[in-house]
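Colleague: My structure file final18.txt, compact mmCIF, C-alpha atoms, is below:
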```txt
# COMPACT_ATOMS: atom_id res chain seq x y z
CA MET A 1 31.54 -117.33 -76.05
CA LYS A 2 32.51 -120.41 -77.98
CA LYS A 3 33.26 -119.76 -81.60
CA LYS A 4 31.84 -122.41 -83.93
CA ILE A 5 32.99 -123.27 -87.42
CA VAL A 6 30.34 -122.66 -90.07
CA SER A 7 27.35 -124.78 -88.98
CA MET A 8 29.13 -126.70 -86.24
CA VAL A 9 27.93 -130.06 -87.49
CA LEU A 10 30.21 -131.78 -85.03
CA ALA A 11 27.94 -131.04 -82.07
CA ALA A 12 25.42 -133.55 -83.35
CA SER A 13 28.02 -136.03 -84.47
CA MET A 14 29.51 -136.15 -80.98
CA VAL A 15 26.23 -137.55 -79.71
CA MET A 16 26.59 -140.32 -82.28
CA GLY A 17 29.83 -141.43 -80.69
CA LEU A 18 32.67 -139.58 -82.41
CA VAL A 19 35.88 -139.97 -80.43
CA ALA A 20 36.13 -137.34 -77.70
CA GLY A 21 39.20 -138.44 -75.84
CA CYS A 22 41.75 -141.10 -75.19
CA GLY A 23 42.84 -140.75 -71.57
CA ASN A 24 45.21 -143.55 -70.66
CA SER A 25 43.98 -145.62 -73.59
CA ALA A 26 45.95 -143.31 -75.88
CA ARG A 27 48.94 -145.25 -74.66
CA THR A 28 47.43 -148.70 -74.66
CA GLY A 29 45.33 -148.97 -77.80
CA SER A 30 41.56 -149.16 -78.15
CA GLY A 31 39.25 -148.74 -75.21
CA SER A 32 36.75 -146.23 -73.86
CA ASP A 33 36.87 -143.21 -71.59
CA ASP A 34 34.61 -142.46 -68.65
CA THR A 35 31.96 -140.95 -70.91
CA GLY A 36 31.53 -144.24 -72.73
CA LYS A 37 32.77 -142.91 -76.07
CA GLN A 38 34.77 -145.44 -78.02
CA VAL A 39 38.49 -144.75 -78.32
CA GLU A 40 40.59 -146.43 -80.97
CA ASP A 41 44.22 -146.34 -82.03
CA GLY A 42 46.47 -148.00 -84.58
CA GLY A 43 45.12 -146.43 -87.77
CA LYS A 44 46.90 -147.17 -91.03
CA VAL A 45 46.72 -143.67 -92.50
CA LEU A 46 47.84 -140.42 -90.82
CA ASN A 47 46.14 -137.48 -92.55
CA ILE A 48 47.79 -134.10 -91.91
CA TYR A 49 46.25 -130.79 -93.01
CA CYS A 50 48.52 -127.73 -93.30
CA TRP A 51 49.03 -124.62 -95.42
CA ASN A 52 52.69 -124.90 -96.43
CA GLU A 53 55.70 -127.22 -96.36
CA GLU A 54 57.14 -126.08 -93.02
CA PHE A 55 55.76 -128.81 -90.76
CA LYS A 56 56.39 -131.44 -93.43
CA SER A 57 60.03 -130.38 -93.64
CA ARG A 58 60.40 -130.58 -89.85
CA ILE A 59 58.91 -134.08 -89.79
CA ALA A 60 61.02 -135.23 -92.73
CA ALA A 61 64.26 -133.91 -91.26
CA HIS A 62 63.78 -134.57 -87.55
CA TYR A 63 61.15 -137.21 -86.78
CA PRO A 64 62.87 -140.61 -86.39
CA GLY A 65 61.73 -143.20 -88.89
CA TYR A 66 59.89 -140.91 -91.28
CA GLU A 67 60.35 -141.95 -94.91
CA GLU A 68 59.39 -139.64 -97.75
CA VAL A 69 57.51 -141.35 -100.58
CA ASP A 70 56.66 -138.34 -102.75
CA ALA A 71 55.62 -134.70 -102.39
CA THR A 72 52.38 -135.54 -100.58
CA HIS A 73 53.04 -138.98 -99.07
CA GLY A 74 55.36 -140.52 -96.53
CA LYS A 75 55.59 -143.49 -94.18
CA ILE A 76 56.17 -143.97 -90.47
CA GLY A 77 56.55 -147.68 -89.88
CA ASP A 78 53.48 -149.27 -91.45
CA VAL A 79 51.44 -146.06 -91.28
CA GLU A 80 50.94 -144.10 -94.51
CA VAL A 81 51.29 -140.34 -94.05
CA VAL A 82 49.16 -138.20 -96.35
CA TRP A 83 49.82 -134.45 -96.55
CA SER A 84 46.93 -132.21 -97.58
CA ILE A 85 48.58 -128.85 -98.22
CA THR A 86 46.37 -125.89 -99.17
CA PRO A 87 47.87 -122.38 -99.29
CA SER A 88 46.36 -119.75 -97.00
CA ASP A 89 45.68 -117.27 -99.82
CA ASP A 90 42.07 -116.01 -99.85
CA ASN A 91 41.36 -118.10 -96.74
CA ALA A 92 41.63 -121.26 -98.85
CA TYR A 93 43.31 -123.34 -96.12
CA GLN A 94 40.68 -122.62 -93.49
CA ASN A 95 37.86 -123.13 -95.96
CA ASN A 96 39.25 -126.52 -96.97
CA LEU A 97 39.86 -127.51 -93.36
CA ASP A 98 36.39 -126.41 -92.27
CA SER A 99 34.79 -128.48 -95.01
CA ALA A 100 36.80 -131.56 -94.09
CA LEU A 101 36.13 -131.20 -90.35
CA GLU A 102 32.39 -131.00 -90.95
CA LYS A 103 32.59 -134.36 -92.71
CA GLN A 104 34.81 -135.90 -90.02
CA ALA A 105 32.03 -137.84 -88.29
CA ASP A 106 30.98 -139.66 -91.44
CA ALA A 107 34.42 -140.06 -93.04
CA SER A 108 36.00 -143.50 -93.29
CA ALA A 109 38.83 -144.27 -90.88
CA ASP A 110 41.47 -143.75 -93.56
CA ASP A 111 40.00 -140.41 -94.61
CA LYS A 112 39.57 -138.81 -91.19
CA ILE A 113 41.82 -135.87 -90.33
CA ASP A 114 44.37 -136.86 -87.70
CA ILE A 115 46.48 -133.71 -87.38
CA PHE A 116 45.80 -130.19 -88.53
CA LEU A 117 47.83 -127.03 -88.01
CA VAL A 118 46.66 -123.58 -86.93
CA GLU A 119 48.15 -120.11 -86.60
CA ALA A 120 47.75 -117.80 -83.61
CA ASP A 121 45.46 -115.37 -85.42
CA TYR A 122 42.72 -117.96 -85.77
CA ALA A 123 43.68 -120.67 -83.29
CA LEU A 124 40.71 -120.03 -81.00
CA LYS A 125 38.34 -120.61 -83.90
CA TYR A 126 39.32 -124.27 -83.73
CA VAL A 127 40.50 -124.94 -80.18
CA ASP A 128 37.28 -123.52 -78.74
CA THR A 129 35.30 -126.29 -80.42
CA GLU A 130 35.17 -130.06 -80.07
CA TYR A 131 37.01 -130.51 -83.35
CA THR A 132 40.24 -130.53 -81.34
CA LEU A 133 41.29 -133.12 -78.77
CA PRO A 134 42.60 -131.94 -75.40
CA ILE A 135 46.32 -132.70 -75.19
CA GLU A 136 45.81 -134.58 -71.92
CA GLU A 137 43.57 -137.05 -73.72
CA LEU A 138 46.57 -138.03 -75.82
CA GLY A 139 48.43 -138.81 -72.61
CA ILE A 140 50.50 -135.60 -72.64
CA THR A 141 50.73 -133.76 -69.33
CA GLU A 142 51.54 -130.18 -68.42
CA ASP A 143 54.73 -131.52 -66.82
CA ASP A 144 55.80 -132.86 -70.23
CA LEU A 145 55.60 -129.29 -71.51
CA SER A 146 57.30 -127.60 -68.57
CA LYS A 147 60.13 -126.21 -70.71
CA GLN A 148 57.80 -124.55 -73.18
CA TYR A 149 57.12 -120.82 -73.20
CA LYS A 150 53.89 -119.90 -71.49
CA TYR A 151 52.45 -117.83 -74.32
CA THR A 152 52.71 -120.73 -76.77
CA LYS A 153 50.34 -122.68 -74.53
CA ASP A 154 48.03 -119.74 -73.88
CA VAL A 155 47.39 -119.39 -77.63
CA VAL A 156 45.77 -122.83 -77.80
CA ARG A 157 43.78 -123.00 -74.57
CA ASP A 158 40.03 -123.06 -75.04
CA SER A 159 37.64 -120.83 -73.11
CA ASP A 160 37.72 -123.32 -70.23
CA GLY A 161 41.52 -123.25 -70.03
CA VAL A 162 41.96 -126.68 -71.62
CA LEU A 163 45.14 -127.09 -73.71
CA LYS A 164 44.16 -128.12 -77.25
CA GLY A 165 47.39 -127.80 -79.26
CA ILE A 166 51.15 -127.74 -79.07
CA SER A 167 54.02 -126.07 -80.97
CA TRP A 168 57.66 -126.87 -81.64
CA GLN A 169 58.47 -123.20 -82.15
CA ALA A 170 58.11 -119.83 -80.54
CA ALA A 171 58.22 -116.65 -82.58
CA PRO A 172 59.31 -113.78 -80.34
CA GLY A 173 60.20 -110.64 -82.22
CA VAL A 174 62.88 -107.97 -82.07
CA LEU A 175 63.78 -104.81 -83.96
CA PHE A 176 66.02 -105.41 -86.96
CA TYR A 177 67.95 -102.33 -88.04
CA ASN A 178 70.33 -101.39 -90.84
CA ARG A 179 73.88 -101.41 -89.49
CA ASP A 180 75.17 -98.90 -92.05
CA VAL A 181 72.42 -96.41 -91.23
CA ALA A 182 73.01 -96.83 -87.50
CA THR A 183 76.71 -96.14 -87.94
CA GLU A 184 75.99 -93.08 -90.06
CA VAL A 185 73.38 -91.61 -87.70
CA PHE A 186 74.51 -92.78 -84.24
CA GLY A 187 78.22 -93.30 -84.86
CA THR A 188 77.96 -97.01 -84.04
CA ASP A 189 75.94 -100.11 -84.93
CA ASP A 190 76.28 -101.56 -81.41
CA PRO A 191 72.88 -103.09 -80.44
CA ALA A 192 73.20 -101.87 -76.85
CA VAL A 193 73.66 -98.27 -78.01
CA VAL A 194 70.89 -98.46 -80.61
CA GLN A 195 68.53 -99.87 -77.99
CA GLU A 196 68.88 -96.65 -76.01
CA TYR A 197 67.27 -94.80 -78.93
CA VAL A 198 64.31 -97.19 -79.26
CA SER A 199 63.75 -98.47 -75.72
CA ASP A 200 60.17 -97.16 -75.52
CA TRP A 201 57.68 -95.72 -77.97
CA ASP A 202 58.31 -92.08 -77.14
CA LYS A 203 62.03 -92.54 -77.77
CA PHE A 204 61.25 -94.54 -80.92
CA VAL A 205 59.13 -91.70 -82.34
CA GLU A 206 61.74 -89.10 -81.36
CA THR A 207 64.48 -91.14 -83.03
CA ALA A 208 62.33 -91.41 -86.17
CA GLY A 209 62.86 -87.67 -86.65
CA THR A 210 66.63 -88.07 -86.42
CA ILE A 211 66.52 -90.92 -88.93
CA LYS A 212 64.35 -88.86 -91.29
CA ASP A 213 66.77 -85.94 -91.11
CA ALA A 214 69.50 -88.30 -92.31
CA GLY A 215 67.41 -89.25 -95.36
CA TYR A 216 65.81 -92.53 -94.24
CA HIS A 217 62.45 -93.86 -93.12
CA MET A 218 62.28 -95.20 -89.56
CA THR A 219 60.07 -98.05 -90.78
CA SER A 220 58.70 -98.96 -94.16
CA SER A 221 55.09 -98.69 -93.00
CA VAL A 222 52.96 -97.87 -89.98
CA MET A 223 51.88 -101.52 -90.26
CA ASP A 224 55.35 -102.62 -89.17
CA THR A 225 54.73 -101.51 -85.60
CA TYR A 226 51.08 -102.52 -85.24
CA ARG A 227 51.68 -106.06 -84.03
CA VAL A 228 54.04 -104.85 -81.30
CA TYR A 229 51.43 -102.46 -79.90
CA SER A 230 48.59 -104.98 -80.25
CA ASN A 231 50.55 -107.70 -78.46
CA ASN A 232 50.82 -105.43 -75.43
CA VAL A 233 47.21 -104.50 -74.75
CA THR A 234 45.69 -104.62 -71.28
CA SER A 235 42.12 -105.39 -72.39
CA LYS A 236 40.30 -107.50 -74.97
CA TRP A 237 38.89 -106.35 -78.27
CA VAL A 238 35.44 -107.35 -77.04
CA GLU A 239 34.22 -106.81 -73.47
CA ASP A 240 30.74 -108.11 -72.60
CA GLY A 241 29.71 -108.07 -76.25
CA LYS A 242 30.92 -104.53 -76.85
CA ILE A 243 33.83 -103.54 -79.08
CA ASN A 244 36.68 -102.11 -77.01
CA ILE A 245 39.72 -100.25 -78.34
CA ASP A 246 42.64 -100.62 -75.94
CA ASP A 247 44.77 -97.62 -74.97
CA ASN A 248 47.86 -99.21 -76.51
CA ILE A 249 46.05 -99.55 -79.84
CA MET A 250 45.19 -95.85 -79.70
CA LYS A 251 48.83 -95.14 -78.84
CA TRP A 252 49.69 -96.83 -82.14
CA VAL A 253 47.26 -94.52 -83.92
CA GLU A 254 48.75 -91.42 -82.29
CA ASP A 255 52.38 -92.41 -82.93
CA SER A 256 51.72 -93.64 -86.47
CA LYS A 257 49.90 -90.47 -87.48
CA GLU A 258 52.73 -88.33 -86.16
CA MET A 259 55.36 -90.37 -87.99
CA TYR A 260 53.40 -90.56 -91.24
CA ASP A 261 52.68 -86.83 -91.31
CA ALA A 262 56.38 -86.16 -90.70
CA GLY A 263 57.36 -88.38 -93.64
CA GLU A 264 59.11 -90.85 -91.35
CA THR A 265 57.15 -93.91 -92.50
CA GLY A 266 54.59 -94.97 -95.10
CA THR A 267 51.28 -96.82 -95.18
CA HIS A 268 52.30 -99.69 -97.47
CA ALA A 269 50.57 -103.01 -97.04
CA MET A 270 52.88 -105.60 -95.56
CA TRP A 271 54.37 -107.98 -98.15
CA SER A 272 53.75 -105.46 -100.92
CA ASP A 273 56.55 -104.50 -103.32
CA ASP A 274 56.73 -101.01 -101.82
CA TRP A 275 56.97 -102.41 -98.28
CA SER A 276 59.78 -104.76 -99.35
CA LYS A 277 61.96 -102.07 -100.93
CA GLY A 278 63.66 -101.55 -97.59
CA PHE A 279 65.23 -105.00 -97.87
CA TYR A 280 67.76 -103.26 -100.13
CA PRO A 281 70.02 -100.27 -99.40
CA GLU A 282 68.33 -98.07 -101.99
CA GLY A 283 65.01 -98.55 -100.16
CA LYS A 284 66.36 -96.32 -97.36
CA VAL A 285 64.46 -98.00 -94.50
CA PHE A 286 66.15 -98.13 -91.12
CA SER A 287 64.22 -100.90 -89.40
CA TYR A 288 61.68 -103.71 -89.48
CA PHE A 289 60.06 -105.54 -86.58
CA GLY A 290 59.94 -109.31 -86.75
CA PRO A 291 60.85 -112.77 -85.47
CA ALA A 292 63.67 -114.98 -86.69
CA TRP A 293 61.69 -116.36 -89.60
CA LEU A 294 61.15 -112.90 -91.08
CA ILE A 295 64.78 -112.00 -91.47
CA ASN A 296 65.98 -115.51 -92.29
CA PHE A 297 63.37 -116.39 -94.89
CA CYS A 298 61.46 -113.29 -96.01
CA MET A 299 63.96 -110.45 -96.36
CA ALA A 300 65.78 -111.58 -99.51
CA ALA A 301 68.72 -113.14 -97.70
CA ASP A 302 69.57 -115.20 -100.79
CA VAL A 303 69.47 -112.24 -103.18
CA ASP A 304 72.71 -110.52 -104.12
CA GLY A 305 72.70 -106.88 -103.10
CA SER A 306 70.14 -107.22 -100.33
CA ILE A 307 70.99 -105.99 -96.85
CA ALA A 308 70.46 -109.48 -95.42
CA ASN A 309 72.71 -111.08 -98.02
CA SER A 310 75.45 -108.64 -97.04
CA GLY A 311 75.01 -109.38 -93.33
CA LYS A 312 74.16 -105.75 -92.69
CA TRP A 313 71.14 -106.10 -90.40
CA ALA A 314 71.48 -106.21 -86.62
CA ALA A 315 68.98 -106.95 -83.87
CA THR A 316 68.00 -105.13 -80.69
CA GLU A 317 65.05 -105.62 -78.35
CA GLY A 318 63.05 -102.54 -79.30
CA PRO A 319 60.26 -100.79 -77.32
CA GLN A 320 58.20 -103.85 -76.29
CA GLY A 321 58.35 -107.63 -76.50
CA PHE A 322 56.00 -109.28 -78.98
CA PHE A 323 55.50 -112.36 -81.10
CA TRP A 324 54.50 -112.89 -84.69
CA GLY A 325 53.18 -116.10 -86.09
CA GLY A 326 54.04 -119.63 -85.20
CA THR A 327 52.46 -122.95 -86.02
CA TRP A 328 50.49 -125.14 -83.64
CA ILE A 329 49.79 -128.86 -83.99
CA CYS A 330 46.24 -129.95 -83.15
CA ALA A 331 44.95 -133.51 -82.87
CA ALA A 332 41.63 -133.85 -84.64
CA ASN A 333 38.73 -135.35 -82.76
CA GLY A 334 38.02 -138.68 -84.44
CA THR A 335 41.65 -139.65 -85.05
CA ASP A 336 42.56 -143.32 -84.84
CA ASN A 337 46.28 -142.51 -84.48
CA ALA A 338 46.46 -141.12 -80.95
CA ASP A 339 49.68 -142.94 -80.03
CA LEU A 340 51.50 -141.72 -83.13
CA ILE A 341 50.26 -138.16 -82.72
CA LYS A 342 51.40 -138.15 -79.11
CA ASP A 343 54.85 -139.35 -80.13
CA ILE A 344 55.17 -136.77 -82.91
CA MET A 345 54.13 -133.99 -80.55
CA LEU A 346 56.50 -135.02 -77.79
CA LYS A 347 59.50 -135.61 -80.03
CA LEU A 348 59.15 -132.39 -82.02
CA THR A 349 58.26 -130.16 -79.07
CA THR A 350 60.00 -131.61 -75.99
CA ASP A 351 63.03 -133.63 -77.12
CA ASP A 352 66.10 -131.49 -76.33
CA GLN A 353 68.33 -133.00 -79.00
CA ILE A 354 65.77 -132.78 -81.77
CA MET A 355 64.97 -129.20 -80.84
CA THR A 356 68.65 -128.27 -80.75
CA ASP A 357 69.01 -129.75 -84.23
CA ILE A 358 66.07 -127.67 -85.45
CA VAL A 359 67.77 -124.49 -84.20
CA LYS A 360 71.07 -125.36 -85.84
CA ASP A 361 69.72 -126.81 -89.07
CA ASP A 362 66.67 -124.63 -89.69
CA ASP A 363 67.37 -121.34 -87.86
CA ASP A 364 64.09 -121.81 -85.99
CA PHE A 365 63.51 -120.46 -82.49
CA VAL A 366 62.24 -123.56 -80.70
CA ASN A 367 59.71 -123.82 -77.90
CA ASN A 368 62.15 -125.04 -75.26
CA LYS A 369 63.59 -122.71 -72.63
CA SER A 370 66.63 -124.81 -71.73
CA VAL A 371 67.61 -125.39 -75.36
CA MET A 372 67.28 -121.72 -76.27
CA GLU A 373 69.18 -120.56 -73.20
CA ALA A 374 72.01 -122.94 -74.07
CA MET A 375 72.05 -121.80 -77.69
CA ALA A 376 72.07 -118.15 -76.61
CA LYS A 377 75.39 -118.85 -74.85
CA ASP A 378 76.80 -120.95 -77.69
CA THR A 379 79.54 -118.87 -79.29
CA SER A 380 79.53 -121.11 -82.36
CA TYR A 381 75.95 -120.15 -83.19
CA THR A 382 75.74 -116.90 -85.15
CA SER A 383 73.47 -115.35 -87.74
CA LYS A 384 74.97 -114.54 -91.12
CA VAL A 385 72.23 -112.04 -91.99
CA LEU A 386 72.93 -110.27 -88.69
CA GLY A 387 76.63 -109.92 -89.41
CA GLY A 388 77.70 -112.72 -87.06
CA GLN A 389 75.50 -111.62 -84.15
CA ASN A 390 73.86 -114.21 -81.91
CA PRO A 391 70.43 -112.62 -81.25
CA LEU A 392 68.90 -115.43 -79.21
CA ALA A 393 69.28 -113.73 -75.82
CA MET A 394 67.23 -110.81 -77.18
CA TYR A 395 64.50 -113.11 -78.44
CA ILE A 396 64.45 -114.82 -75.04
CA ALA A 397 64.12 -111.48 -73.23
CA GLY A 398 61.17 -110.59 -75.42
CA VAL A 399 59.36 -113.92 -75.23
CA GLU A 400 59.24 -113.91 -71.44
CA SER A 401 57.29 -110.65 -71.47
CA ILE A 402 54.52 -111.85 -73.77
CA ASP A 403 51.12 -111.89 -72.08
CA LEU A 404 48.19 -113.33 -74.02
CA SER A 405 45.61 -113.12 -71.27
CA ASN A 406 43.66 -110.70 -73.46
CA LEU A 407 43.46 -112.96 -76.50
CA SER A 408 39.94 -113.27 -77.92
CA ASN A 409 38.04 -114.96 -80.72
CA TYR A 410 37.64 -111.61 -82.45
CA ASP A 411 41.32 -110.65 -82.70
CA SER A 412 41.94 -111.54 -86.33
CA GLY A 413 38.93 -109.67 -87.69
CA CYS A 414 39.26 -106.65 -85.42
CA ASN A 415 42.97 -106.21 -86.08
CA ALA A 416 42.54 -106.42 -89.85
CA GLU A 417 39.59 -104.02 -89.98
CA PHE A 418 41.23 -101.55 -87.61
CA GLN A 419 44.38 -101.25 -89.70
CA SER A 420 42.34 -100.92 -92.88
CA ALA A 421 40.02 -98.24 -91.49
CA LEU A 422 42.73 -96.18 -89.81
CA THR A 423 44.79 -96.03 -93.00
CA ASN A 424 42.17 -93.55 -94.21
CA TYR A 425 42.99 -91.33 -91.24
CA PHE A 426 46.74 -91.58 -91.68
CA GLU A 427 46.50 -90.65 -95.35
CA GLY A 428 44.19 -87.70 -94.66
CA ASN A 429 41.12 -89.20 -96.33
CA ALA A 430 39.08 -89.25 -93.11
CA THR A 431 39.05 -87.68 -89.68
CA LEU A 432 39.86 -89.90 -86.72
CA ASP A 433 36.17 -90.17 -85.81
CA GLU A 434 35.24 -91.02 -89.39
CA ALA A 435 37.92 -93.72 -89.55
CA LEU A 436 36.74 -95.20 -86.26
CA ASP A 437 33.18 -95.24 -87.60
CA LEU A 438 34.42 -97.15 -90.64
CA PHE A 439 36.03 -99.65 -88.28
CA TYR A 440 32.93 -100.11 -86.15
CA THR A 441 30.77 -100.57 -89.24
CA ALA A 442 33.10 -103.17 -90.75
CA VAL A 443 33.43 -105.15 -87.52
CA THR A 444 29.71 -105.22 -86.75
CA GLU A 445 29.03 -106.40 -90.29
CA LYS A 446 31.54 -109.19 -89.76
CA TYR A 447 30.32 -109.94 -86.22
CA PRO A 448 26.64 -108.89 -86.03
CA GLU A 449 26.38 -109.96 -82.40
CA LEU A 450 28.67 -107.11 -81.31
CA THR A 451 27.82 -103.55 -80.30
CA TYR A 452 29.90 -100.39 -79.81
```
Could you render the structure as structure tokens?
Modeller:
Amino acid sequence: MKKKIVSMVLAASMVMGLVAGCGNSARTGSGSDDTGKQVEDGGKVLNIYCWNEEFKSRIAAHYPGYEEVDATHGKIGDVEVVWSITPSDDNAYQNNLDSALEKQADASADDKIDIFLVEADYALKYVDTEYTLPIEELGITEDDLSKQYKYTKDVVRDSDGVLKGISWQAAPGVLFYNRDVATEVFGTDDPAVVQEYVSDWDKFVETAGTIKDAGYHMTSSVMDTYRVYSNNVTSKWVEDGKINIDDNIMKWVEDSKEMYDAGETGTHAMWSDDWSKGFYPEGKVFSYFGPAWLINFCMAADVDGSIANSGKWAATEGPQGFFWGGTWICAANGTDNADLIKDIMLKLTTDDQIMTDIVKDDDDFVNNKSVMEAMAKDTSYTSKVLGGQNPLAMYIAGVESIDLSNLSNYDSGCNAEFQSALTNYFEGNATLDEALDLFYTAVTEKYPELTY
């Protein structure tokens, strides 16, 4: 089922001749494709929609020839770059983007969106519509992207398998653990030894009891593990219009309930003050699951007294490979800057030197197998927050196991409602059946076309 944004005004506008593709003309200027739709290039304004400064900082630091004018404007040659940055809070970014995309057909050339960014949780909402140009219509081939990790391409394929976006980064996750706690409990902080205690979920739950006996929580919240379980499902949230709860999701419920009842974890909302207390020694939290960006930028690494600031975290692979987050670049249908978009995409996502610089300068895990494999062997590359450890080989091991064949349009809503409903069960405010009923009710209100 194709998911449409709001009223899907674009369907009618396409008939009126909105650009649908560039084919070879993306490399040669204006022309038309085999459907007769007019294709143009060489626009004077490049409008980019995003929710934070991350992509802007990557362009400013690594795209050749970019000149910053002010906080929301730049230049690439004679093209003006305009940044429309709307934070994601309260769905503001998507709401703003949806409104602008609906006006795309009637917007003037200089006001049309050229590039917009999406996250994995809602990527299909956009790539499964005609708002996004297929990458091949920009003149980018699958061979150009041969070094990229498979899952990063799976995230942005539409329901017909057409690639509709591209990313410079991958975000595989690992288990970050407190070195001091590991030494106290296991007699060592060696990642290989710690991995033996957390190599699968049964061992992880068993180890949680040992950690609790020593006076610590295994994780800050049951929510810390949810993404790992949900990334490893073997079925989709919706099968033939019916809500389906995968066995691995129910495994999360079983394990989380056991750990919560034993006092080995909490039910704090992620990003809350209570959840973040474990960033400091007095928070008494043994581990967090996350990708590189979590520990580098979200766990108080710049704050005196934090575990990260002291270099006292370490990384190990954990029970299952997973990913969290990432940013994908989409070309908006109607752009008149196909050549420039193509060049930005290729330079930021396939150029080995630029991607190596991003790893070294920005501590990003880039979407390039050969670059990451080389960096994993580079003895000069270490992580200060991980006490001098080079964790890249662990990230690589995890990213290769990621399988997104069960991604669906309903993932974001189902995941959010499931965690919310099951919290009632964990905290003893509802039976399991009552919590599941709350989930089904919430999801069918959000998606009335579904049954259970």
Colleague: Would you kindly identify which residues have an atom no farther than 12 Å from (60.1, -113.5, -93.1), using only C-alpha atoms and the file's own coordinates, and write them out as a list in words?
Modeller: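 Final list of nearby residues, as requested, is Ala171, Gly173, Phe176, Met270, Trp271, Ser276, Phe279, Tyr288, Phe289, Gly290, Pro291, Ala292, Trp293, Leu294, Ile295, Asn296, Phe297, Cys298, Met299, Ala300, Ala301, Ala308, Trp324, Gly325, Gly326, Asp363 and Asp364 of chain A.
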Colleague: So which one's closest to Pro319 of chain A, A:Val194, A:Val359, A:Val303, A:Val181? Using all atoms listed in the file, please.
Modeller: A:Val194
Colleague: Given all atoms listed in the file as the basis, pick out the residue of A:Val81, A:Ala315, A:Ile140, A:Ala331 nearest to Ala60 of chain A.
Modeller: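 Smallest distance to Ala60 of chain A is found for A:Val81.
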Colleague: Taking all atoms of segment 234-252 of chain A that appear in the file, build a box with edges along x, y and z, extend it by 4 Å on every side, and state its centre and edge lengths in Å to one decimal, as JSON.
Modeller:
```
{"center_x": 39.7, "center_y": -101.6, "center_z": -76.7, "size_x": 28.0, "size_y": 21.0, "size_z": 18.9}
```
Colleague: Quick one: residues within 8 Å of Glu264 of chain A, only C-alpha atoms, excluding same-chain residues fewer than 6 positions away - as a compact mmCIF listing (two decimals) with C-alpha atoms, in the frame of the given file?
Modeller:
```txt
# COMPACT_ATOMS: atom_id res chain seq x y z
CA ALA A 208 62.33 -91.41 -86.17
CA GLY A 209 62.86 -87.67 -86.65
CA ILE A 211 66.52 -90.92 -88.93
CA LYS A 212 64.35 -88.86 -91.29
CA TYR A 216 65.81 -92.53 -94.24
CA HIS A 217 62.45 -93.86 -93.12
CA MET A 218 62.28 -95.20 -89.56
CA THR A 219 60.07 -98.05 -90.78
```
Colleague: Residues within 6 Å of (46.0, -129.5, -85.4), file coordinates, counting all atoms listed in the file: what are they? Give the list as a VMD selection string.
Modeller: chain A and resid 115 to 117 329 to 331
Colleague: What gap, in Å, lies between atom CA of Tyr226 of chain A and atom CA of Leu386 of chain A?
Modeller: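 Result for atom CA of Tyr226 of chain A versus atom CA of Leu386 of chain A: 23.4 Å, one decimal.
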Colleague: Which one of A:Val238, A:Val69, A:Val45, A:Leu438 sits closest to Asp110 of chain A if you count all atoms listed in the file?
Modeller: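 For Asp110 of chain A, the nearest of the given residues is A:Val45.
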Colleague: In Å, with one decimal, what is the gap from atom CA of Trp237 of chain A to atom CA of Ser412 of chain A?
Modeller: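 Taking atom CA of Trp237 of chain A and atom CA of Ser412 of chain A, their separation equals 10.1 Å.
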Colleague: Quick one: pull the distance between atom CA of Thr183 of chain A and atom CA of Ala269 of chain A, Å, one decimal.
Modeller: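 Calculated distance between atom CA of Thr183 of chain A and atom CA of Ala269 of chain A is 28.5 Å.
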